[in-house]
Amino acid sequence: MTKPKILIARAVFPEIIARLEQYFEVESNQGDAVWSGAELAQRLQDKEGAFTTGGERINAAVLAAAPRLRICANMTVGYNNFDLDAMTAAGVLATNAPDVLTETTADFGFALLMATARRITESEHYLRAGQWTRWGYDMFAGAEIHGSTLGILGMGRIGQGIARRGAHGFGMKVIYHNRSRLEPRLEAECKACYVGKDELLKTADHLVLVLPYSPASHHAIGSSELALMKPTATLVNIARGGIVDDAALAAALRNRTIAAAGLDVFEGEPQVHPDLLSVPNVVLTPHIASATLPTRLAMASLAADNLIAFFTRKAPLTPLNPAVLAIK
Ligand code: DGY
């Protein structure tokens, strides 16, 4: 029996490829070549499935060039690389990889908050540059974390993980804003109070962004939102680039409209706005919030499970446009 053809669009764990090869004729990219949209489309021309990593845009143009394509499985929870409407119209199932990265990503969000508020990378650069000659009473004085007010914008699973760490581990007062309010049981578990967006911006000592990117959340944090924040506040973005207006943020950091920022995601990444590279009060990391090997393996395994389930006529675990399944 011929196996369905799939494309694995980026380098991935060899054991995942070996597993997929039991079910599929696999074209992989273990050299991790950078493909243009046209090249991706050309490689998908004869494929029925794709294993994607969140960076490959699956839009109407790619779908038009891939008439046999039936499923794209992202190994990431974020899926702003998918044009879901176009995929649904083309009858292509989209899946993502939620849950398996929640706690790891929340750990990193908290680590970035602490590194930012306590000026860890800035002070390390100072030390490495040989500038440390003696101790000073206010040297690299940062912001308190314990007992302060933690604001969370976007209260999905990762936001809740950060809230639990802040409330239970650091005695922080937790406030949040989200499209919809959490059910009372979850609010109690996270010790989190729902507030309006402006109140969140005005009150938080540390604001963590964990909302999904969509046209509606584009530049949810721009110069007017930054102007509402406390001059002592910390901003952390582990969600997606584009949620923050990076040029406005760099200006706010330079002018000390806010004290500091920690960014794991950027508009147009892997490019980083040059103004962010030249301000000292920002901690910059290359989109690594979910990067532990066990978690990345769990993410890739879930994407593989979704592909295998789809082609063995079982229900994919995490479909994003299940309407496609109802049509089939
Ligand atoms: C995700 O899963 O969306 C992350 O941003 C990738 O690490």
# chains A, B, ... in the order shown; residues from 1 in each chain; ligands from 1
>>> residues_around(residues="Ala291 of chain A", least_positions_apart="6", cutoff="12 Å", atoms="only C-alpha atoms", output="ChimeraX atom specification")
/A:76,100-109,264,285,297-300
>>> residues_near_ligand(ligand="ligand 1", cutoff="7 Å", atoms="only C-alpha atoms and all ligand atoms", output="list in words")
Gly54, Met75, Thr76, Val77, Gly78, Tyr79, Ala97, Ala239, Arg240, His287, Ile288, Ala289, Ser290 and Ala291 of chain A
>>> residues_around(residues="segment 179-190 of chain A", least_positions_apart="2", cutoff="6 Å", atoms="only C-alpha atoms", output="list of chain:residue names")
A:Ala163, A:Arg164, A:Ala192
>>> select_by_dssp(residues="segment 139-207 of chain A", states="helix (DSSP H, G or I)", output="number ranges by chain")
A: 157-170, 184-190, 197-203
>>> write_last_selection(atoms="C-alpha atoms", output="PDB file, in the first residue's frame")
ATOM      1  CA  ARG A 157      -3.390  28.304  30.211  1.00  0.00           C
ATOM      2  CA  ILE A 158       0.050  29.983  30.178  1.00  0.00           C
ATOM      3  CA  GLY A 159      -1.298  33.166  31.764  1.00  0.00           C
ATOM      4  CA  GLN A 160      -2.818  31.066  34.533  1.00  0.00           C
ATOM      5  CA  GLY A 161       0.525  29.300  35.042  1.00  0.00           C
ATOM      6  CA  ILE A 162       2.236  32.656  35.502  1.00  0.00           C
ATOM      7  CA  ALA A 163      -0.512  33.831  37.864  1.00  0.00           C
ATOM      8  CA  ARG A 164      -0.103  30.720  40.037  1.00  0.00           C
ATOM      9  CA  ARG A 165       3.661  31.204  40.208  1.00  0.00           C
ATOM     10  CA  GLY A 166       3.258  34.875  41.148  1.00  0.00           C
ATOM     11  CA  ALA A 167       0.468  34.440  43.673  1.00  0.00           C
ATOM     12  CA  HIS A 168       1.593  31.261  45.396  1.00  0.00           C
ATOM     13  CA  GLY A 169       5.367  31.491  45.005  1.00  0.00           C
ATOM     14  CA  PHE A 170       5.989  35.207  45.437  1.00  0.00           C
ATOM     15  CA  PRO A 184     -14.680  31.586  39.700  1.00  0.00           C
ATOM     16  CA  ARG A 185     -12.900  28.282  40.446  1.00  0.00           C
ATOM     17  CA  LEU A 186      -9.943  29.254  38.219  1.00  0.00           C
ATOM     18  CA  GLU A 187      -9.853  32.823  39.533  1.00  0.00           C
ATOM     19  CA  ALA A 188      -9.640  31.423  43.062  1.00  0.00           C
ATOM     20  CA  GLU A 189      -6.939  28.927  42.091  1.00  0.00           C
ATOM     21  CA  CYS A 190      -4.850  31.680  40.470  1.00  0.00           C
ATOM     22  CA  LYS A 197      -7.378  46.877  30.357  1.00  0.00           C
ATOM     23  CA  ASP A 198      -6.642  50.476  31.396  1.00  0.00           C
ATOM     24  CA  GLU A 199      -6.710  49.578  35.073  1.00  0.00           C
ATOM     25  CA  LEU A 200      -4.370  46.677  34.368  1.00  0.00           C
ATOM     26  CA  LEU A 201      -1.916  48.998  32.616  1.00  0.00           C
ATOM     27  CA  LYS A 202      -2.110  51.658  35.328  1.00  0.00           C
ATOM     28  CA  THR A 203      -1.859  49.304  38.315  1.00  0.00           C
TER      29      THR A 203
END
>>> residues_around(residues="Ser301 of chain A", least_positions_apart="2", cutoff="12 Å", atoms="only C-alpha atoms", output="PDB file with all heavy atoms, in the first residue's frame")
ATOM      1  N   VAL A  12      13.900  18.645  12.817  1.00  0.00           N
ATOM      2  CA  VAL A  12      13.168  18.212  14.007  1.00  0.00           C
ATOM      3  C   VAL A  12      13.845  16.979  14.583  1.00  0.00           C
ATOM      4  O   VAL A  12      14.764  16.417  13.959  1.00  0.00           O
ATOM      5  CB  VAL A  12      11.670  17.993  13.638  1.00  0.00           C
ATOM      6  CG1 VAL A  12      11.477  16.745  12.787  1.00  0.00           C
ATOM      7  CG2 VAL A  12      10.775  17.968  14.872  1.00  0.00           C
ATOM      8  N   PHE A  13      13.438  16.550  15.771  1.00  0.00           N
ATOM      9  CA  PHE A  13      14.044  15.380  16.423  1.00  0.00           C
ATOM     10  C   PHE A  13      14.063  14.174  15.478  1.00  0.00           C
ATOM     11  O   PHE A  13      13.012  13.811  14.931  1.00  0.00           O
ATOM     12  CB  PHE A  13      13.242  14.992  17.665  1.00  0.00           C
ATOM     13  CG  PHE A  13      13.216  16.042  18.736  1.00  0.00           C
ATOM     14  CD1 PHE A  13      12.214  16.992  18.768  1.00  0.00           C
ATOM     15  CD2 PHE A  13      14.205  16.084  19.707  1.00  0.00           C
ATOM     16  CE1 PHE A  13      12.184  17.974  19.763  1.00  0.00           C
ATOM     17  CE2 PHE A  13      14.185  17.058  20.700  1.00  0.00           C
ATOM     18  CZ  PHE A  13      13.174  18.007  20.721  1.00  0.00           C
ATOM     19  N   PRO A  14      15.218  13.492  15.330  1.00  0.00           N
ATOM     20  CA  PRO A  14      15.278  12.311  14.445  1.00  0.00           C
ATOM     21  C   PRO A  14      14.246  11.250  14.818  1.00  0.00           C
ATOM     22  O   PRO A  14      13.689  10.579  13.954  1.00  0.00           O
ATOM     23  CB  PRO A  14      16.706  11.793  14.639  1.00  0.00           C
ATOM     24  CG  PRO A  14      17.474  12.985  15.108  1.00  0.00           C
ATOM     25  CD  PRO A  14      16.528  13.847  15.886  1.00  0.00           C
ATOM     26  N   GLU A  15      13.958  11.097  16.117  1.00  0.00           N
ATOM     27  CA  GLU A  15      12.987  10.049  16.502  1.00  0.00           C
ATOM     28  C   GLU A  15      11.578  10.379  16.014  1.00  0.00           C
ATOM     29  O   GLU A  15      10.769   9.482  15.784  1.00  0.00           O
ATOM     30  CB  GLU A  15      13.012   9.771  18.012  1.00  0.00           C
ATOM     31  CG  GLU A  15      12.768  10.957  18.915  1.00  0.00           C
ATOM     32  CD  GLU A  15      14.076  11.594  19.418  1.00  0.00           C
ATOM     33  OE1 GLU A  15      14.949  11.905  18.574  1.00  0.00           O
ATOM     34  OE2 GLU A  15      14.195  11.799  20.649  1.00  0.00           O
ATOM     35  N   ILE A  16      11.300  11.647  15.843  1.00  0.00           N
ATOM     36  CA  ILE A  16       9.977  12.035  15.306  1.00  0.00           C
ATOM     37  C   ILE A  16       9.923  11.669  13.822  1.00  0.00           C
ATOM     38  O   ILE A  16       8.918  11.143  13.333  1.00  0.00           O
ATOM     39  CB  ILE A  16       9.737  13.559  15.507  1.00  0.00           C
ATOM     40  CG1 ILE A  16       9.677  13.887  17.002  1.00  0.00           C
ATOM     41  CG2 ILE A  16       8.489  14.030  14.771  1.00  0.00           C
ATOM     42  CD1 ILE A  16       8.490  13.309  17.731  1.00  0.00           C
ATOM     43  N   ILE A  17      11.011  11.924  13.121  1.00  0.00           N
ATOM     44  CA  ILE A  17      11.049  11.567  11.695  1.00  0.00           C
ATOM     45  C   ILE A  17      10.906  10.049  11.552  1.00  0.00           C
ATOM     46  O   ILE A  17      10.107   9.566  10.741  1.00  0.00           O
ATOM     47  CB  ILE A  17      12.362  12.059  11.049  1.00  0.00           C
ATOM     48  CG1 ILE A  17      12.413  13.583  11.152  1.00  0.00           C
ATOM     49  CG2 ILE A  17      12.459  11.593   9.594  1.00  0.00           C
ATOM     50  CD1 ILE A  17      13.559  14.223  10.438  1.00  0.00           C
ATOM     51  N   ALA A  18      11.646   9.304  12.385  1.00  0.00           N
ATOM     52  CA  ALA A  18      11.586   7.832  12.296  1.00  0.00           C
ATOM     53  C   ALA A  18      10.149   7.357  12.532  1.00  0.00           C
ATOM     54  O   ALA A  18       9.659   6.456  11.842  1.00  0.00           O
ATOM     55  CB  ALA A  18      12.539   7.220  13.313  1.00  0.00           C
ATOM     56  N   ARG A  19       9.467   7.974  13.473  1.00  0.00           N
ATOM     57  CA  ARG A  19       8.085   7.551  13.765  1.00  0.00           C
ATOM     58  C   ARG A  19       7.165   7.863  12.582  1.00  0.00           C
ATOM     59  O   ARG A  19       6.355   7.036  12.162  1.00  0.00           O
ATOM     60  CB  ARG A  19       7.610   8.279  15.028  1.00  0.00           C
ATOM     61  CG  ARG A  19       6.210   7.970  15.371  1.00  0.00           C
ATOM     62  CD  ARG A  19       5.964   7.980  16.880  1.00  0.00           C
ATOM     63  NE  ARG A  19       4.549   7.784  17.064  1.00  0.00           N
ATOM     64  CZ  ARG A  19       3.722   8.767  17.407  1.00  0.00           C
ATOM     65  NH1 ARG A  19       4.175   9.975  17.658  1.00  0.00           N
ATOM     66  NH2 ARG A  19       2.427   8.521  17.516  1.00  0.00           N
ATOM     67  N   LEU A  20       7.339   9.060  12.036  1.00  0.00           N
ATOM     68  CA  LEU A  20       6.471   9.450  10.905  1.00  0.00           C
ATOM     69  C   LEU A  20       6.745   8.573   9.682  1.00  0.00           C
ATOM     70  O   LEU A  20       5.825   8.277   8.910  1.00  0.00           O
ATOM     71  CB  LEU A  20       6.664  10.937  10.589  1.00  0.00           C
ATOM     72  CG  LEU A  20       6.061  11.890  11.639  1.00  0.00           C
ATOM     73  CD1 LEU A  20       6.514  13.328  11.403  1.00  0.00           C
ATOM     74  CD2 LEU A  20       4.537  11.801  11.641  1.00  0.00           C
ATOM     75  N   PHE A  51       4.091  18.927   8.393  1.00  0.00           N
ATOM     76  CA  PHE A  51       4.480  19.136   9.793  1.00  0.00           C
ATOM     77  C   PHE A  51       5.155  20.499   9.804  1.00  0.00           C
ATOM     78  O   PHE A  51       6.180  20.689   9.143  1.00  0.00           O
ATOM     79  CB  PHE A  51       5.448  18.017  10.194  1.00  0.00           C
ATOM     80  CG  PHE A  51       5.986  18.086  11.589  1.00  0.00           C
ATOM     81  CD1 PHE A  51       5.636  17.126  12.530  1.00  0.00           C
ATOM     82  CD2 PHE A  51       6.870  19.090  11.983  1.00  0.00           C
ATOM     83  CE1 PHE A  51       6.151  17.151  13.818  1.00  0.00           C
ATOM     84  CE2 PHE A  51       7.380  19.134  13.264  1.00  0.00           C
ATOM     85  CZ  PHE A  51       7.016  18.158  14.183  1.00  0.00           C
ATOM     86  N   ALA A  73       0.027  20.272  10.502  1.00  0.00           N
ATOM     87  CA  ALA A  73       0.122  20.098  11.956  1.00  0.00           C
ATOM     88  C   ALA A  73       1.273  20.953  12.479  1.00  0.00           C
ATOM     89  O   ALA A  73       2.440  20.648  12.232  1.00  0.00           O
ATOM     90  CB  ALA A  73       0.348  18.622  12.278  1.00  0.00           C
ATOM     91  N   ASN A  74       0.934  22.009  13.214  1.00  0.00           N
ATOM     92  CA  ASN A  74       1.957  22.867  13.833  1.00  0.00           C
ATOM     93  C   ASN A  74       2.476  22.195  15.094  1.00  0.00           C
ATOM     94  O   ASN A  74       1.675  21.665  15.881  1.00  0.00           O
ATOM     95  CB  ASN A  74       1.301  24.192  14.286  1.00  0.00           C
ATOM     96  CG  ASN A  74       1.688  25.378  13.432  1.00  0.00           C
ATOM     97  OD1 ASN A  74       2.396  25.254  12.444  1.00  0.00           O
ATOM     98  ND2 ASN A  74       1.206  26.552  13.814  1.00  0.00           N
ATOM     99  N   MET A  75       3.783  22.279  15.332  1.00  0.00           N
ATOM    100  CA  MET A  75       4.288  21.778  16.623  1.00  0.00           C
ATOM    101  C   MET A  75       4.298  22.887  17.681  1.00  0.00           C
ATOM    102  O   MET A  75       4.847  22.702  18.764  1.00  0.00           O
ATOM    103  CB  MET A  75       5.679  21.146  16.482  1.00  0.00           C
ATOM    104  CG  MET A  75       6.810  22.085  16.155  1.00  0.00           C
ATOM    105  SD  MET A  75       8.452  21.312  16.399  1.00  0.00           S
ATOM    106  CE  MET A  75       8.737  21.574  18.148  1.00  0.00           C
ATOM    107  N   THR A  76       3.663  24.010  17.383  1.00  0.00           N
ATOM    108  CA  THR A  76       3.576  25.118  18.339  1.00  0.00           C
ATOM    109  C   THR A  76       2.126  25.324  18.759  1.00  0.00           C
ATOM    110  O   THR A  76       1.203  24.908  18.052  1.00  0.00           O
ATOM    111  CB  THR A  76       4.091  26.418  17.708  1.00  0.00           C
ATOM    112  OG1 THR A  76       3.374  26.639  16.480  1.00  0.00           O
ATOM    113  CG2 THR A  76       5.567  26.335  17.400  1.00  0.00           C
ATOM    114  N   ASN A  96      -2.728  22.387  16.221  1.00  0.00           N
ATOM    115  CA  ASN A  96      -1.611  23.030  16.934  1.00  0.00           C
ATOM    116  C   ASN A  96      -1.183  22.116  18.084  1.00  0.00           C
ATOM    117  O   ASN A  96      -1.627  20.964  18.152  1.00  0.00           O
ATOM    118  CB  ASN A  96      -1.997  24.431  17.407  1.00  0.00           C
ATOM    119  CG  ASN A  96      -3.041  24.427  18.507  1.00  0.00           C
ATOM    120  OD1 ASN A  96      -3.797  23.465  18.653  1.00  0.00           O
ATOM    121  ND2 ASN A  96      -3.092  25.495  19.270  1.00  0.00           N
ATOM    122  N   ALA A  97      -0.337  22.629  18.959  1.00  0.00           N
ATOM    123  CA  ALA A  97       0.208  21.777  20.035  1.00  0.00           C
ATOM    124  C   ALA A  97       0.077  22.479  21.393  1.00  0.00           C
ATOM    125  O   ALA A  97       1.070  22.935  21.956  1.00  0.00           O
ATOM    126  CB  ALA A  97       1.658  21.418  19.731  1.00  0.00           C
ATOM    127  N   PRO A  98      -1.146  22.572  21.898  1.00  0.00           N
ATOM    128  CA  PRO A  98      -1.339  23.249  23.190  1.00  0.00           C
ATOM    129  C   PRO A  98      -1.008  22.333  24.372  1.00  0.00           C
ATOM    130  O   PRO A  98      -0.721  21.148  24.194  1.00  0.00           O
ATOM    131  CB  PRO A  98      -2.838  23.566  23.167  1.00  0.00           C
ATOM    132  CG  PRO A  98      -3.442  22.468  22.357  1.00  0.00           C
ATOM    133  CD  PRO A  98      -2.397  22.090  21.315  1.00  0.00           C
ATOM    134  N   VAL A 100       1.030  20.933  26.242  1.00  0.00           N
ATOM    135  CA  VAL A 100       2.295  20.268  26.584  1.00  0.00           C
ATOM    136  C   VAL A 100       3.419  21.264  26.914  1.00  0.00           C
ATOM    137  O   VAL A 100       4.430  20.873  27.485  1.00  0.00           O
ATOM    138  CB  VAL A 100       2.753  19.315  25.459  1.00  0.00           C
ATOM    139  CG1 VAL A 100       1.857  18.101  25.372  1.00  0.00           C
ATOM    140  CG2 VAL A 100       2.810  20.021  24.110  1.00  0.00           C
ATOM    141  N   LEU A 101       3.236  22.521  26.537  1.00  0.00           N
ATOM    142  CA  LEU A 101       4.292  23.516  26.788  1.00  0.00           C
ATOM    143  C   LEU A 101       3.908  24.512  27.872  1.00  0.00           C
ATOM    144  O   LEU A 101       4.680  25.422  28.190  1.00  0.00           O
ATOM    145  CB  LEU A 101       4.639  24.259  25.488  1.00  0.00           C
ATOM    146  CG  LEU A 101       3.670  25.343  24.995  1.00  0.00           C
ATOM    147  CD1 LEU A 101       4.225  26.011  23.781  1.00  0.00           C
ATOM    148  CD2 LEU A 101       2.297  24.850  24.801  1.00  0.00           C
ATOM    149  N   LEU A 293      14.330  20.512  26.104  1.00  0.00           N
ATOM    150  CA  LEU A 293      14.230  19.374  25.174  1.00  0.00           C
ATOM    151  C   LEU A 293      13.004  18.505  25.448  1.00  0.00           C
ATOM    152  O   LEU A 293      12.298  18.133  24.506  1.00  0.00           O
ATOM    153  CB  LEU A 293      15.530  18.562  25.170  1.00  0.00           C
ATOM    154  CG  LEU A 293      16.679  19.277  24.438  1.00  0.00           C
ATOM    155  CD1 LEU A 293      17.958  18.456  24.520  1.00  0.00           C
ATOM    156  CD2 LEU A 293      16.337  19.568  22.979  1.00  0.00           C
ATOM    157  N   PRO A 294      12.663  18.192  26.727  1.00  0.00           N
ATOM    158  CA  PRO A 294      11.458  17.375  26.927  1.00  0.00           C
ATOM    159  C   PRO A 294      10.198  18.056  26.393  1.00  0.00           C
ATOM    160  O   PRO A 294       9.326  17.409  25.807  1.00  0.00           O
ATOM    161  CB  PRO A 294      11.384  17.207  28.455  1.00  0.00           C
ATOM    162  CG  PRO A 294      12.770  17.451  28.938  1.00  0.00           C
ATOM    163  CD  PRO A 294      13.388  18.435  27.982  1.00  0.00           C
ATOM    164  N   THR A 295      10.107  19.371  26.579  1.00  0.00           N
ATOM    165  CA  THR A 295       8.901  20.061  26.116  1.00  0.00           C
ATOM    166  C   THR A 295       8.862  20.139  24.601  1.00  0.00           C
ATOM    167  O   THR A 295       7.831  19.882  23.970  1.00  0.00           O
ATOM    168  CB  THR A 295       8.807  21.462  26.754  1.00  0.00           C
ATOM    169  OG1 THR A 295       8.582  21.267  28.145  1.00  0.00           O
ATOM    170  CG2 THR A 295       7.686  22.295  26.177  1.00  0.00           C
ATOM    171  N   ARG A 296      10.003  20.474  23.986  1.00  0.00           N
ATOM    172  CA  ARG A 296      10.002  20.539  22.516  1.00  0.00           C
ATOM    173  C   ARG A 296       9.696  19.161  21.918  1.00  0.00           C
ATOM    174  O   ARG A 296       9.015  19.055  20.901  1.00  0.00           O
ATOM    175  CB  ARG A 296      11.335  21.088  22.014  1.00  0.00           C
ATOM    176  CG  ARG A 296      11.475  22.607  22.260  1.00  0.00           C
ATOM    177  CD  ARG A 296      10.694  23.407  21.224  1.00  0.00           C
ATOM    178  NE  ARG A 296      10.516  24.809  21.572  1.00  0.00           N
ATOM    179  CZ  ARG A 296      11.388  25.780  21.308  1.00  0.00           C
ATOM    180  NH1 ARG A 296      12.527  25.512  20.700  1.00  0.00           N
ATOM    181  NH2 ARG A 296      11.108  27.028  21.638  1.00  0.00           N
ATOM    182  N   LEU A 297      10.174  18.088  22.590  1.00  0.00           N
ATOM    183  CA  LEU A 297       9.874  16.735  22.089  1.00  0.00           C
ATOM    184  C   LEU A 297       8.374  16.452  22.240  1.00  0.00           C
ATOM    185  O   LEU A 297       7.747  15.878  21.340  1.00  0.00           O
ATOM    186  CB  LEU A 297      10.706  15.690  22.842  1.00  0.00           C
ATOM    187  CG  LEU A 297      10.537  14.247  22.370  1.00  0.00           C
ATOM    188  CD1 LEU A 297      10.911  14.089  20.886  1.00  0.00           C
ATOM    189  CD2 LEU A 297      11.392  13.292  23.211  1.00  0.00           C
ATOM    190  N   ALA A 298       7.796  16.886  23.346  1.00  0.00           N
ATOM    191  CA  ALA A 298       6.349  16.675  23.544  1.00  0.00           C
ATOM    192  C   ALA A 298       5.548  17.458  22.501  1.00  0.00           C
ATOM    193  O   ALA A 298       4.522  16.976  21.992  1.00  0.00           O
ATOM    194  CB  ALA A 298       5.960  17.099  24.957  1.00  0.00           C
ATOM    195  N   MET A 299       6.005  18.652  22.167  1.00  0.00           N
ATOM    196  CA  MET A 299       5.309  19.455  21.150  1.00  0.00           C
ATOM    197  C   MET A 299       5.369  18.768  19.780  1.00  0.00           C
ATOM    198  O   MET A 299       4.369  18.649  19.065  1.00  0.00           O
ATOM    199  CB  MET A 299       5.946  20.858  21.070  1.00  0.00           C
ATOM    200  CG  MET A 299       5.737  21.691  22.323  1.00  0.00           C
ATOM    201  SD  MET A 299       6.919  23.070  22.457  1.00  0.00           S
ATOM    202  CE  MET A 299       6.339  24.180  21.189  1.00  0.00           C
ATOM    203  N   ALA A 303       2.317  17.009  17.382  1.00  0.00           N
ATOM    204  CA  ALA A 303       2.090  17.288  15.950  1.00  0.00           C
ATOM    205  C   ALA A 303       2.108  15.980  15.160  1.00  0.00           C
ATOM    206  O   ALA A 303       1.260  15.753  14.283  1.00  0.00           O
ATOM    207  CB  ALA A 303       3.148  18.252  15.427  1.00  0.00           C
ATOM    208  N   ALA A 304       3.058  15.097  15.485  1.00  0.00           N
ATOM    209  CA  ALA A 304       3.125  13.799  14.792  1.00  0.00           C
ATOM    210  C   ALA A 304       1.872  12.976  15.084  1.00  0.00           C
ATOM    211  O   ALA A 304       1.293  12.366  14.176  1.00  0.00           O
ATOM    212  CB  ALA A 304       4.382  13.047  15.231  1.00  0.00           C
ATOM    213  N   ASP A 305       1.426  12.982  16.344  1.00  0.00           N
ATOM    214  CA  ASP A 305       0.196  12.244  16.712  1.00  0.00           C
ATOM    215  C   ASP A 305      -0.985  12.739  15.881  1.00  0.00           C
ATOM    216  O   ASP A 305      -1.821  11.946  15.439  1.00  0.00           O
ATOM    217  CB  ASP A 305      -0.153  12.456  18.192  1.00  0.00           C
ATOM    218  CG  ASP A 305       0.798  11.734  19.126  1.00  0.00           C
ATOM    219  OD1 ASP A 305       1.541  10.858  18.656  1.00  0.00           O
ATOM    220  OD2 ASP A 305       0.806  12.076  20.326  1.00  0.00           O
ATOM    221  N   ASN A 306      -1.059  14.044  15.707  1.00  0.00           N
ATOM    222  CA  ASN A 306      -2.176  14.606  14.933  1.00  0.00           C
ATOM    223  C   ASN A 306      -2.136  14.120  13.482  1.00  0.00           C
ATOM    224  O   ASN A 306      -3.173  13.749  12.919  1.00  0.00           O
ATOM    225  CB  ASN A 306      -2.135  16.132  14.980  1.00  0.00           C
ATOM    226  CG  ASN A 306      -2.794  16.674  16.241  1.00  0.00           C
ATOM    227  OD1 ASN A 306      -3.814  16.157  16.688  1.00  0.00           O
ATOM    228  ND2 ASN A 306      -2.220  17.711  16.816  1.00  0.00           N
ATOM    229  N   LEU A 307      -0.950  14.111  12.884  1.00  0.00           N
ATOM    230  CA  LEU A 307      -0.834  13.633  11.497  1.00  0.00           C
ATOM    231  C   LEU A 307      -1.222  12.155  11.398  1.00  0.00           C
ATOM    232  O   LEU A 307      -1.992  11.757  10.521  1.00  0.00           O
ATOM    233  CB  LEU A 307       0.603  13.819  10.994  1.00  0.00           C
ATOM    234  CG  LEU A 307       1.005  15.242  10.631  1.00  0.00           C
ATOM    235  CD1 LEU A 307       2.520  15.357  10.494  1.00  0.00           C
ATOM    236  CD2 LEU A 307       0.337  15.694   9.335  1.00  0.00           C
ATOM    237  N   ILE A 308      -0.697  11.370  12.333  1.00  0.00           N
ATOM    238  CA  ILE A 308      -0.954   9.914  12.283  1.00  0.00           C
ATOM    239  C   ILE A 308      -2.446   9.652  12.505  1.00  0.00           C
ATOM    240  O   ILE A 308      -3.067   8.865  11.784  1.00  0.00           O
ATOM    241  CB  ILE A 308      -0.068   9.177  13.316  1.00  0.00           C
ATOM    242  CG1 ILE A 308       1.402   9.302  12.907  1.00  0.00           C
ATOM    243  CG2 ILE A 308      -0.478   7.716  13.442  1.00  0.00           C
ATOM    244  CD1 ILE A 308       2.406   8.960  13.988  1.00  0.00           C
ATOM    245  N   ALA A 309      -3.029  10.326  13.489  1.00  0.00           N
ATOM    246  CA  ALA A 309      -4.459  10.115  13.765  1.00  0.00           C
ATOM    247  C   ALA A 309      -5.292  10.452  12.524  1.00  0.00           C
ATOM    248  O   ALA A 309      -6.178   9.689  12.127  1.00  0.00           O
ATOM    249  CB  ALA A 309      -4.891  10.984  14.946  1.00  0.00           C
ATOM    250  N   LEU A 317      -6.066  15.145  17.788  1.00  0.00           N
ATOM    251  CA  LEU A 317      -6.262  15.524  19.188  1.00  0.00           C
ATOM    252  C   LEU A 317      -6.584  16.999  19.351  1.00  0.00           C
ATOM    253  O   LEU A 317      -7.363  17.387  20.215  1.00  0.00           O
ATOM    254  CB  LEU A 317      -4.986  15.189  19.972  1.00  0.00           C
ATOM    255  CG  LEU A 317      -4.618  13.701  19.920  1.00  0.00           C
ATOM    256  CD1 LEU A 317      -3.167  13.476  20.283  1.00  0.00           C
ATOM    257  CD2 LEU A 317      -5.544  12.933  20.853  1.00  0.00           C
TER     258      LEU A 317
END
>>> select_by_dssp(residues="segment 98-304 of chain A", states="strand (DSSP E or B)", output="PyMOL selection string")
chain A and resi 149-153+173-177+192-194+206-209+221+234-237+244+260-263+282-284
>>> residues_around(residues="Leu63 of chain A", least_positions_apart="2", cutoff="8 Å", atoms="only C-alpha atoms", output="PyMOL selection string")
chain A and resi 41+58-61+65-67+69+86-87+90
>>> write_last_selection(atoms="N, CA, C and O atoms", output="compact mmCIF listing (two decimals), in the first residue's frame")
# COMPACT_ATOMS: atom_id res chain seq x y z
N ALA A 41 5.62 26.21 -1.12
CA ALA A 41 4.46 25.84 -1.94
C ALA A 41 4.85 24.76 -2.95
O ALA A 41 4.12 23.78 -3.14
N ILE A 58 0.95 29.29 5.90
CA ILE A 58 0.05 28.50 5.07
C ILE A 58 -1.12 29.41 4.74
O ILE A 58 -2.03 29.63 5.56
N ASN A 59 -1.06 29.99 3.55
CA ASN A 59 -2.08 30.97 3.14
C ASN A 59 -2.70 30.53 1.81
O ASN A 59 -2.38 29.46 1.28
N ALA A 60 -3.56 31.38 1.27
CA ALA A 60 -4.31 31.00 0.07
C ALA A 60 -3.36 30.66 -1.09
O ALA A 60 -3.62 29.71 -1.84
N ALA A 61 -2.27 31.42 -1.21
CA ALA A 61 -1.35 31.17 -2.33
C ALA A 61 -0.69 29.80 -2.20
O ALA A 61 -0.60 29.04 -3.18
N ALA A 65 -1.37 26.11 -4.52
CA ALA A 65 -0.30 25.34 -5.18
C ALA A 65 -0.22 23.91 -4.64
O ALA A 65 0.59 23.12 -5.10
N ALA A 66 -1.04 23.59 -3.63
CA ALA A 66 -0.94 22.27 -2.97
C ALA A 66 -2.30 21.58 -2.97
O ALA A 66 -2.92 21.41 -1.92
N PRO A 67 -2.76 21.14 -4.14
CA PRO A 67 -4.14 20.64 -4.23
C PRO A 67 -4.39 19.35 -3.47
O PRO A 67 -5.53 19.03 -3.15
N LEU A 69 -3.10 18.68 -0.46
CA LEU A 69 -2.88 18.88 0.98
C LEU A 69 -4.17 18.72 1.77
O LEU A 69 -5.20 19.30 1.41
N ALA A 86 -8.74 30.46 5.02
CA ALA A 86 -8.33 29.91 3.72
C ALA A 86 -8.17 28.40 3.83
O ALA A 86 -8.53 27.65 2.91
N MET A 87 -7.66 27.92 4.94
CA MET A 87 -7.46 26.47 5.11
C MET A 87 -8.82 25.76 5.17
O MET A 87 -9.01 24.72 4.54
N ALA A 90 -10.31 25.59 1.82
CA ALA A 90 -9.64 24.60 0.96
C ALA A 90 -9.81 23.18 1.51
O ALA A 90 -9.29 22.23 0.93
>>> closest_residue(among="A:Pro212, A:Met114, A:Leu276, A:Ala129", to="Met155 of chain A", atoms="only C-alpha atoms")
A:Pro212
>>> atom_distance(atom1="atom CA of Glu225 of chain A", atom2="atom CA of Asn255 of chain A")
14.7 Å
>>> residues_around(residues="His219 of chain A", least_positions_apart="6", cutoff="8 Å", atoms="only C-alpha atoms", output="PyMOL selection string")
chain A and resi 242-245
>>> residues_around(residues="Arg256 of chain A", least_positions_apart="3", cutoff="12 Å", atoms="only C-alpha atoms", output="list in words")
Leu226, Ala227, Met229, Lys230, Pro231, Thr232, Ala233, Thr234, Ala248, Leu249, Ala250, Ala251, Ala252, Leu253, Ala259, Ala260, Ala261, Val279, Pro280, Asn281 and Val282 of chain A
